[in-house]
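**Student:** Right, I'll just put the structure down here and ask away after.
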Amino acid sequence: AGQVIAVDLQDARFPRILSHIDMEIDPSRSAGGARITGSSGRLWVMADWKRPVRGFDVSDPRSPREMTVGLLSSDEPEIVEAVTATRDRLYAVGRFPRVRSTIDGTLIEGLAVVSFQVSATGDLMLAAASAVPEGLERGVKNLSWDSELLRLVVKGSGVRVASFRESMDRLLLARLDTVDPGGFAAAALVNQGRLYGTWNWNDAGNLGAYVFDLRRPNATHQLSVLPASPQDTGLYSPAIAVANGHVWVTDSGGSVRGLDLSLPGLGESGRLNLVGEATALDLDRRHHRWVVVSGRAAAYIDSGSWIRSDPLALGVGATTDVEFDDDHLLVVTSTFASTTQPNGFRLWSLSNPEHPRVVLESAGMAAPLGTCRPAAMMDNGR
């Protein structure tokens with residue numbers, strides 16, 4: 001069992017649960033846990049291979065309404081690996097039985113990227129479908145829009161980026177980039193036509209941090225690299241971010257580093273060594289500071305002075321995501337059923353940074369979140 005929960009955060013002192021919808025989720029069928037995305041008053045939940053994507057109308061969060069249970073009408077199961085949404089469109093990548101390319105009408109037997117037009121009532125109409133190039137079947141997948149292109153990023157030993165341009169009823173492959181400096185990709189992020197990533201050489205050492213240009217025609221150009229060094233405190237971890245002319249990288253030793261993108265060698269402009277593996281990172285744009293979760297604590301880092309706040313003890317297990325919205329910090333955690341650690345989320349009010357406090361946590365919900373990895377997001381005070 002699981003729930004979709006809407007929370008009103010407009011009064012930081014008294015967050016209110018506006019609604020919740022019970023939802024059957026079988027963890028044995030979940031592809032790495034639940035994932036959610038939202039756009040234009042709609043919420044899309046990807047959590048279960050049996051019903052891989054479920055759509056909810058949340059324009060009135062007090063009375064959410066389920067719109068969509070599946071993507072395509074088929075007796076065979078769909079396997080959806082990533083989704084994203086913009087305006088009145090939903091995009092997904094996965095395996096869809098009997099779907100045909102809207103470019104040439106051929107049956108797509110492997111991975112496909114699809115686009116759906118979402119009606120006012122939430123009905124989905126297939127707008128475009130295209131085959132994903134071979135070789136992208138394995139690896140962790142992420143789907144997002146960047147520089148007017150739909151980017152499918154597949155992370156494995158290397159990183160492959162398939163970029164599609166949407167035109168009428170077509171998703172046309174604009175370019176296919178392969179980046180493989182060696183080793184295994186720990187983190188990968190596409191931002192404004194550039195790929196930022198960190199690679200571990202093996203289980204014992206790092207390879208380096210890289211920046212690649214995905215904008216040059218017919219070429220993937222390496223812009224800069226910071227090779228591994230004896231000063232590395234551990235293997236690179238998946239948390240990575242780009243802002244204010246820097247790429248921020250993290251590692252299992254608790255190190256958080258800001259690398260200057262204006263320098264070909266990605267010169268290190270600052271470093272902090274925390275306790276435990278740095279697993280999540282997000283920017284508080286309102287106060288120009290970063291929050292990093294390392295081990296079981298979170299800390300602020302001033303992006304200019306590198307002054308760190310006292311650690312905030314989170315009292316949770318493995319942190320999988322962290323997000324800022326106004327003066328709220330959302331921490332999502334994931335644990336195994338055999339442990340006694342909480343599995344879900346905690347919402348902290350940081351309106352008084354000297355005295356942060358928990359204002360909402362999933363442990364107080366009417367139903368447990370179960371053993372599947374939860375997902376949460378904040379948007380416009382909710």
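Residues in the structure tokens are named by chain (A, B, ... in the order shown) and by number from 1 within that chain; ligands are numbered from 1 in the order shown.
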List the spatial neighbours of range 189-203 of chain A as a ChimeraX atom specification - criterion: any atom at most 7 Å away, only C-alpha atoms, same-chain residues fewer than 5 positions off excluded.
**Tutor:** /A:146-147,182-184,208-215,235-236
**Student:** For the residues selected in the previous step, produce a file with N, CA, C and O atoms as a PDB file, in the first residue's frame.
**Tutor:**
ATOM      1  N   ASP A 146      16.020  20.003 -22.029  1.00  0.00           N
ATOM      2  CA  ASP A 146      17.162  20.905 -21.910  1.00  0.00           C
ATOM      3  C   ASP A 146      17.461  21.486 -23.279  1.00  0.00           C
ATOM      4  O   ASP A 146      17.565  20.745 -24.270  1.00  0.00           O
ATOM      5  N   SER A 147      17.576  22.815 -23.348  1.00  0.00           N
ATOM      6  CA  SER A 147      17.928  23.505 -24.599  1.00  0.00           C
ATOM      7  C   SER A 147      17.010  23.096 -25.743  1.00  0.00           C
ATOM      8  O   SER A 147      17.458  22.831 -26.871  1.00  0.00           O
ATOM      9  N   GLY A 182      36.303   5.989 -19.331  1.00  0.00           N
ATOM     10  CA  GLY A 182      36.797   4.818 -18.627  1.00  0.00           C
ATOM     11  C   GLY A 182      36.113   4.690 -17.285  1.00  0.00           C
ATOM     12  O   GLY A 182      35.447   5.604 -16.807  1.00  0.00           O
ATOM     13  N   GLY A 183      36.257   3.536 -16.659  1.00  0.00           N
ATOM     14  CA  GLY A 183      35.669   3.360 -15.339  1.00  0.00           C
ATOM     15  C   GLY A 183      34.152   3.297 -15.374  1.00  0.00           C
ATOM     16  O   GLY A 183      33.552   2.825 -16.350  1.00  0.00           O
ATOM     17  N   PHE A 184      33.525   3.825 -14.311  1.00  0.00           N
ATOM     18  CA  PHE A 184      32.075   3.765 -14.151  1.00  0.00           C
ATOM     19  C   PHE A 184      31.543   5.138 -13.769  1.00  0.00           C
ATOM     20  O   PHE A 184      32.100   5.815 -12.899  1.00  0.00           O
ATOM     21  N   GLY A 208      37.881  10.912 -12.347  1.00  0.00           N
ATOM     22  CA  GLY A 208      37.911  12.354 -12.457  1.00  0.00           C
ATOM     23  C   GLY A 208      36.531  12.945 -12.677  1.00  0.00           C
ATOM     24  O   GLY A 208      35.528  12.228 -12.813  1.00  0.00           O
ATOM     25  N   ALA A 209      36.480  14.281 -12.705  1.00  0.00           N
ATOM     26  CA  ALA A 209      35.264  15.036 -13.007  1.00  0.00           C
ATOM     27  C   ALA A 209      35.429  15.641 -14.394  1.00  0.00           C
ATOM     28  O   ALA A 209      36.490  16.205 -14.710  1.00  0.00           O
ATOM     29  N   TYR A 210      34.371  15.545 -15.213  1.00  0.00           N
ATOM     30  CA  TYR A 210      34.461  15.930 -16.611  1.00  0.00           C
ATOM     31  C   TYR A 210      33.311  16.862 -16.991  1.00  0.00           C
ATOM     32  O   TYR A 210      32.222  16.791 -16.423  1.00  0.00           O
ATOM     33  N   VAL A 211      33.567  17.690 -18.017  1.00  0.00           N
ATOM     34  CA  VAL A 211      32.535  18.510 -18.640  1.00  0.00           C
ATOM     35  C   VAL A 211      32.643  18.322 -20.148  1.00  0.00           C
ATOM     36  O   VAL A 211      33.733  18.450 -20.722  1.00  0.00           O
ATOM     37  N   PHE A 212      31.509  17.999 -20.790  1.00  0.00           N
ATOM     38  CA  PHE A 212      31.484  17.770 -22.230  1.00  0.00           C
ATOM     39  C   PHE A 212      30.466  18.707 -22.877  1.00  0.00           C
ATOM     40  O   PHE A 212      29.397  18.972 -22.306  1.00  0.00           O
ATOM     41  N   ASP A 213      30.794  19.189 -24.060  1.00  0.00           N
ATOM     42  CA  ASP A 213      29.902  20.056 -24.834  1.00  0.00           C
ATOM     43  C   ASP A 213      29.061  19.180 -25.767  1.00  0.00           C
ATOM     44  O   ASP A 213      29.602  18.443 -26.593  1.00  0.00           O
ATOM     45  N   LEU A 214      27.727  19.281 -25.619  1.00  0.00           N
ATOM     46  CA  LEU A 214      26.816  18.513 -26.478  1.00  0.00           C
ATOM     47  C   LEU A 214      26.198  19.377 -27.564  1.00  0.00           C
ATOM     48  O   LEU A 214      25.203  18.985 -28.166  1.00  0.00           O
ATOM     49  N   ARG A 215      26.758  20.543 -27.813  1.00  0.00           N
ATOM     50  CA  ARG A 215      26.145  21.473 -28.750  1.00  0.00           C
ATOM     51  C   ARG A 215      26.818  21.493 -30.115  1.00  0.00           C
ATOM     52  O   ARG A 215      26.253  21.998 -31.078  1.00  0.00           O
ATOM     53  N   LEU A 235      35.290   7.643  -3.035  1.00  0.00           N
ATOM     54  CA  LEU A 235      34.724   7.498  -4.369  1.00  0.00           C
ATOM     55  C   LEU A 235      33.647   8.548  -4.604  1.00  0.00           C
ATOM     56  O   LEU A 235      32.925   8.930  -3.682  1.00  0.00           O
ATOM     57  N   TYR A 236      33.533   9.007  -5.832  1.00  0.00           N
ATOM     58  CA  TYR A 236      32.487   9.971  -6.162  1.00  0.00           C
ATOM     59  C   TYR A 236      31.118   9.366  -5.868  1.00  0.00           C
ATOM     60  O   TYR A 236      30.882   8.180  -6.070  1.00  0.00           O
TER      61      TYR A 236
END
**Student:** Apply DSSP to the backbone of this structure and, from range 99-335 of chain A, keep only the residues in strand (DSSP E); write these as number ranges by chain.
**Tutor:** A: 112-118, 124-131, 140-146, 149-155, 159-167, 170-179, 184-191, 194-202, 205-213, 221-227, 236-243, 246-251, 255-260, 268-273, 278-284, 289-294, 297-302, 312-313, 318-325, 328-334
**Student:** Please, could you write that set of residues out with C-alpha atoms as a short mmCIF file (atom, residue, chain, number, x, y, z; two decimals), in the first residue's frame?
**Tutor:**
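Below is the file selection13.cif, written as the result:
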data_model
loop_
_atom_site.label_atom_id
_atom_site.label_comp_id
_atom_site.auth_asym_id
_atom_site.auth_seq_id
_atom_site.Cartn_x
_atom_site.Cartn_y
_atom_site.Cartn_z
CA ALA A 112 10.70 3.70 -27.31
CA VAL A 113 10.34 7.33 -26.33
CA VAL A 114 6.74 8.52 -26.52
CA SER A 115 4.83 11.77 -26.19
CA PHE A 116 1.21 12.04 -25.06
CA GLN A 117 -1.20 14.92 -25.44
CA VAL A 118 -3.10 15.34 -22.16
CA LEU A 124 -3.97 10.54 -22.95
CA MET A 125 -3.63 10.55 -26.73
CA LEU A 126 -0.43 9.28 -28.29
CA ALA A 127 1.13 12.23 -30.11
CA ALA A 128 4.53 10.87 -31.11
CA ALA A 129 6.62 7.72 -30.78
CA SER A 130 10.15 6.99 -31.83
CA ALA A 131 12.57 4.11 -31.38
CA VAL A 140 19.98 4.09 -15.09
CA LYS A 141 17.76 6.34 -17.20
CA ASN A 142 16.64 9.94 -16.77
CA LEU A 143 14.38 11.96 -19.06
CA SER A 144 14.33 15.77 -19.07
CA TRP A 145 14.05 18.84 -21.27
CA ASP A 146 17.16 20.90 -21.91
CA LEU A 149 15.61 19.03 -26.68
CA LEU A 150 14.19 16.01 -24.89
CA ARG A 151 17.27 14.38 -23.35
CA LEU A 152 17.42 10.69 -22.48
CA VAL A 153 20.48 10.19 -20.28
CA VAL A 154 21.59 6.60 -19.69
CA LYS A 155 24.26 6.09 -17.05
CA VAL A 159 27.08 7.92 -20.31
CA ARG A 160 24.99 8.02 -23.48
CA VAL A 161 22.67 10.91 -24.27
CA ALA A 162 19.96 10.56 -26.92
CA SER A 163 18.51 13.98 -27.74
CA PHE A 164 15.13 14.25 -29.49
CA ARG A 165 13.52 17.23 -31.15
CA GLU A 166 9.72 17.33 -31.08
CA SER A 167 7.99 18.46 -34.25
CA ARG A 170 7.32 13.28 -34.48
CA LEU A 171 10.14 12.83 -31.99
CA LEU A 172 13.20 13.09 -34.21
CA LEU A 173 16.62 11.97 -33.02
CA ALA A 174 18.68 15.16 -33.13
CA ARG A 175 21.94 13.69 -31.87
CA LEU A 176 23.41 10.75 -30.00
CA ASP A 177 26.39 11.38 -27.73
CA THR A 178 28.57 8.75 -26.08
CA VAL A 179 30.94 9.69 -23.28
CA PHE A 184 32.07 3.77 -14.15
CA ALA A 185 29.89 6.88 -14.15
CA ALA A 186 28.93 7.92 -10.62
CA ALA A 187 26.95 11.07 -11.49
CA ALA A 188 25.67 12.63 -14.72
CA LEU A 189 23.74 15.84 -15.36
CA VAL A 190 22.83 17.69 -18.58
CA ASN A 191 22.44 21.45 -18.20
CA ARG A 194 26.61 20.46 -21.44
CA LEU A 195 27.11 17.11 -19.74
CA TYR A 196 28.63 17.21 -16.27
CA GLY A 197 29.76 13.95 -14.73
CA THR A 198 32.06 12.17 -12.32
CA TRP A 199 33.65 8.78 -12.92
CA ASN A 200 35.10 6.19 -10.57
CA TRP A 201 37.90 4.09 -11.99
CA ASN A 202 36.96 1.04 -9.89
CA GLY A 205 39.69 4.88 -6.77
CA ASN A 206 38.35 7.82 -8.78
CA LEU A 207 38.96 8.69 -12.41
CA GLY A 208 37.91 12.35 -12.46
CA ALA A 209 35.26 15.04 -13.01
CA TYR A 210 34.46 15.93 -16.61
CA VAL A 211 32.53 18.51 -18.64
CA PHE A 212 31.48 17.77 -22.23
CA ASP A 213 29.90 20.06 -24.83
CA HIS A 221 33.71 17.74 -27.26
CA GLN A 222 35.49 17.48 -23.91
CA LEU A 223 35.72 20.95 -22.41
CA SER A 224 37.51 20.29 -19.15
CA VAL A 225 38.58 17.61 -16.72
CA LEU A 226 39.80 17.43 -13.13
CA PRO A 227 41.72 14.16 -12.73
CA TYR A 236 32.49 9.97 -6.16
CA SER A 237 28.82 9.77 -5.12
CA PRO A 238 25.71 10.41 -7.28
CA ALA A 239 25.00 13.91 -5.91
CA ILE A 240 26.01 16.60 -8.43
CA ALA A 241 24.73 20.12 -9.20
CA VAL A 242 25.53 23.12 -11.41
CA ALA A 243 25.01 26.78 -10.45
CA HIS A 246 30.51 26.05 -10.71
CA VAL A 247 29.87 22.34 -10.77
CA TRP A 248 29.51 20.86 -7.31
CA VAL A 249 30.67 17.28 -6.80
CA THR A 250 30.52 15.00 -3.78
CA ASP A 251 32.13 11.77 -2.62
CA SER A 255 33.78 15.91 0.67
CA VAL A 256 31.85 18.66 -1.14
CA ARG A 257 33.83 20.59 -3.75
CA GLY A 258 33.05 23.58 -5.93
CA LEU A 259 34.84 23.41 -9.28
CA ASP A 260 35.24 26.61 -11.31
CA GLU A 268 38.83 23.89 -7.07
CA SER A 269 37.41 27.08 -5.55
CA GLY A 270 36.41 25.54 -2.24
CA ARG A 271 36.08 22.30 -0.32
CA LEU A 272 34.43 21.12 2.86
CA ASN A 273 34.92 17.74 4.46
CA ALA A 278 27.55 13.09 0.79
CA THR A 279 24.41 11.67 -0.83
CA ALA A 280 22.16 14.64 -1.66
CA LEU A 281 22.67 18.26 -2.66
CA ASP A 282 20.38 21.18 -3.47
CA LEU A 283 20.65 24.96 -3.85
CA ASP A 284 18.69 27.40 -1.70
CA ARG A 289 23.51 28.71 -0.07
CA TRP A 290 23.72 24.98 -0.53
CA VAL A 291 22.38 22.26 1.69
CA VAL A 292 24.23 18.97 1.63
CA VAL A 293 23.24 15.77 3.38
CA SER A 294 26.18 13.75 4.60
CA ALA A 297 23.13 15.19 9.10
CA ALA A 298 22.55 18.19 6.85
CA ALA A 299 24.57 21.40 6.70
CA TYR A 300 24.34 24.75 4.96
CA ILE A 301 27.25 25.91 2.84
CA ASP A 302 27.52 29.55 1.82
CA LEU A 312 21.45 19.51 11.51
CA ALA A 313 20.88 16.00 12.84
CA ALA A 318 19.77 6.46 3.93
CA THR A 319 18.92 9.83 2.36
CA THR A 320 17.98 9.56 -1.31
CA ASP A 321 16.88 13.12 -2.07
CA VAL A 322 16.82 16.60 -0.59
CA GLU A 323 14.96 19.66 -1.88
CA PHE A 324 14.50 23.31 -0.91
CA ASP A 325 11.36 25.37 -1.34
CA HIS A 328 11.39 24.34 3.93
CA LEU A 329 13.81 21.46 3.64
CA LEU A 330 12.37 18.18 2.36
CA VAL A 331 14.39 15.05 3.12
CA VAL A 332 13.40 11.74 1.50
CA THR A 333 14.78 8.53 2.97
CA SER A 334 14.81 4.90 1.93
#
**Student:** For Ala120 in chain A, find every residue with an atom within 12 Å (counting only C-alpha atoms), except residues of its own chain fewer than 4 positions away, and show them as a PyMOL selection string.
**Tutor:** chain A and resi 40-42+56-57+59+67+87-89+124-125
**Student:** Do you know which residues are at most 7 Å from Gly295 in chain A counting only C-alpha atoms, after dropping those on the same chain fewer than 4 positions away, and could you put them as a ChimeraX atom specification?
**Tutor:** /A:275-278
**Student:** Which polymer residues have any atom within 8 Å of an atom of range 13-23 of chain A, counting only C-alpha atoms, with same-chain residues fewer than 4 positions away left out, as a ChimeraX atom specification?
**Tutor:** /A:1-9,61-64,349,359-360
**Student:** Which residues are close to Ala85 in chain A, i.e. within 8 Å by only C-alpha atoms, leaving aside same-chain residues fewer than 6 positions away? Reply as a ChimeraX atom specification.
**Tutor:** /A:37-39,91
**Student:** Expressed in Å to a single decimal, how great is the separation between CA of Gly122 in chain A and CA of Ile36 in chain A?
**Tutor:**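 We find that CA of Gly122 in chain A and CA of Ile36 in chain A lie 16.4 Å from each other.
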**Student:** Need the shell around Val358 in chain A: protein/DNA/RNA residues with any atom at most 9 Å away, counting only C-alpha atoms. Skip same-chain ones fewer than 4 positions apart. Format as JSON, numbers by chain?
**Tutor:** {"A": [346, 347, 348, 349]}
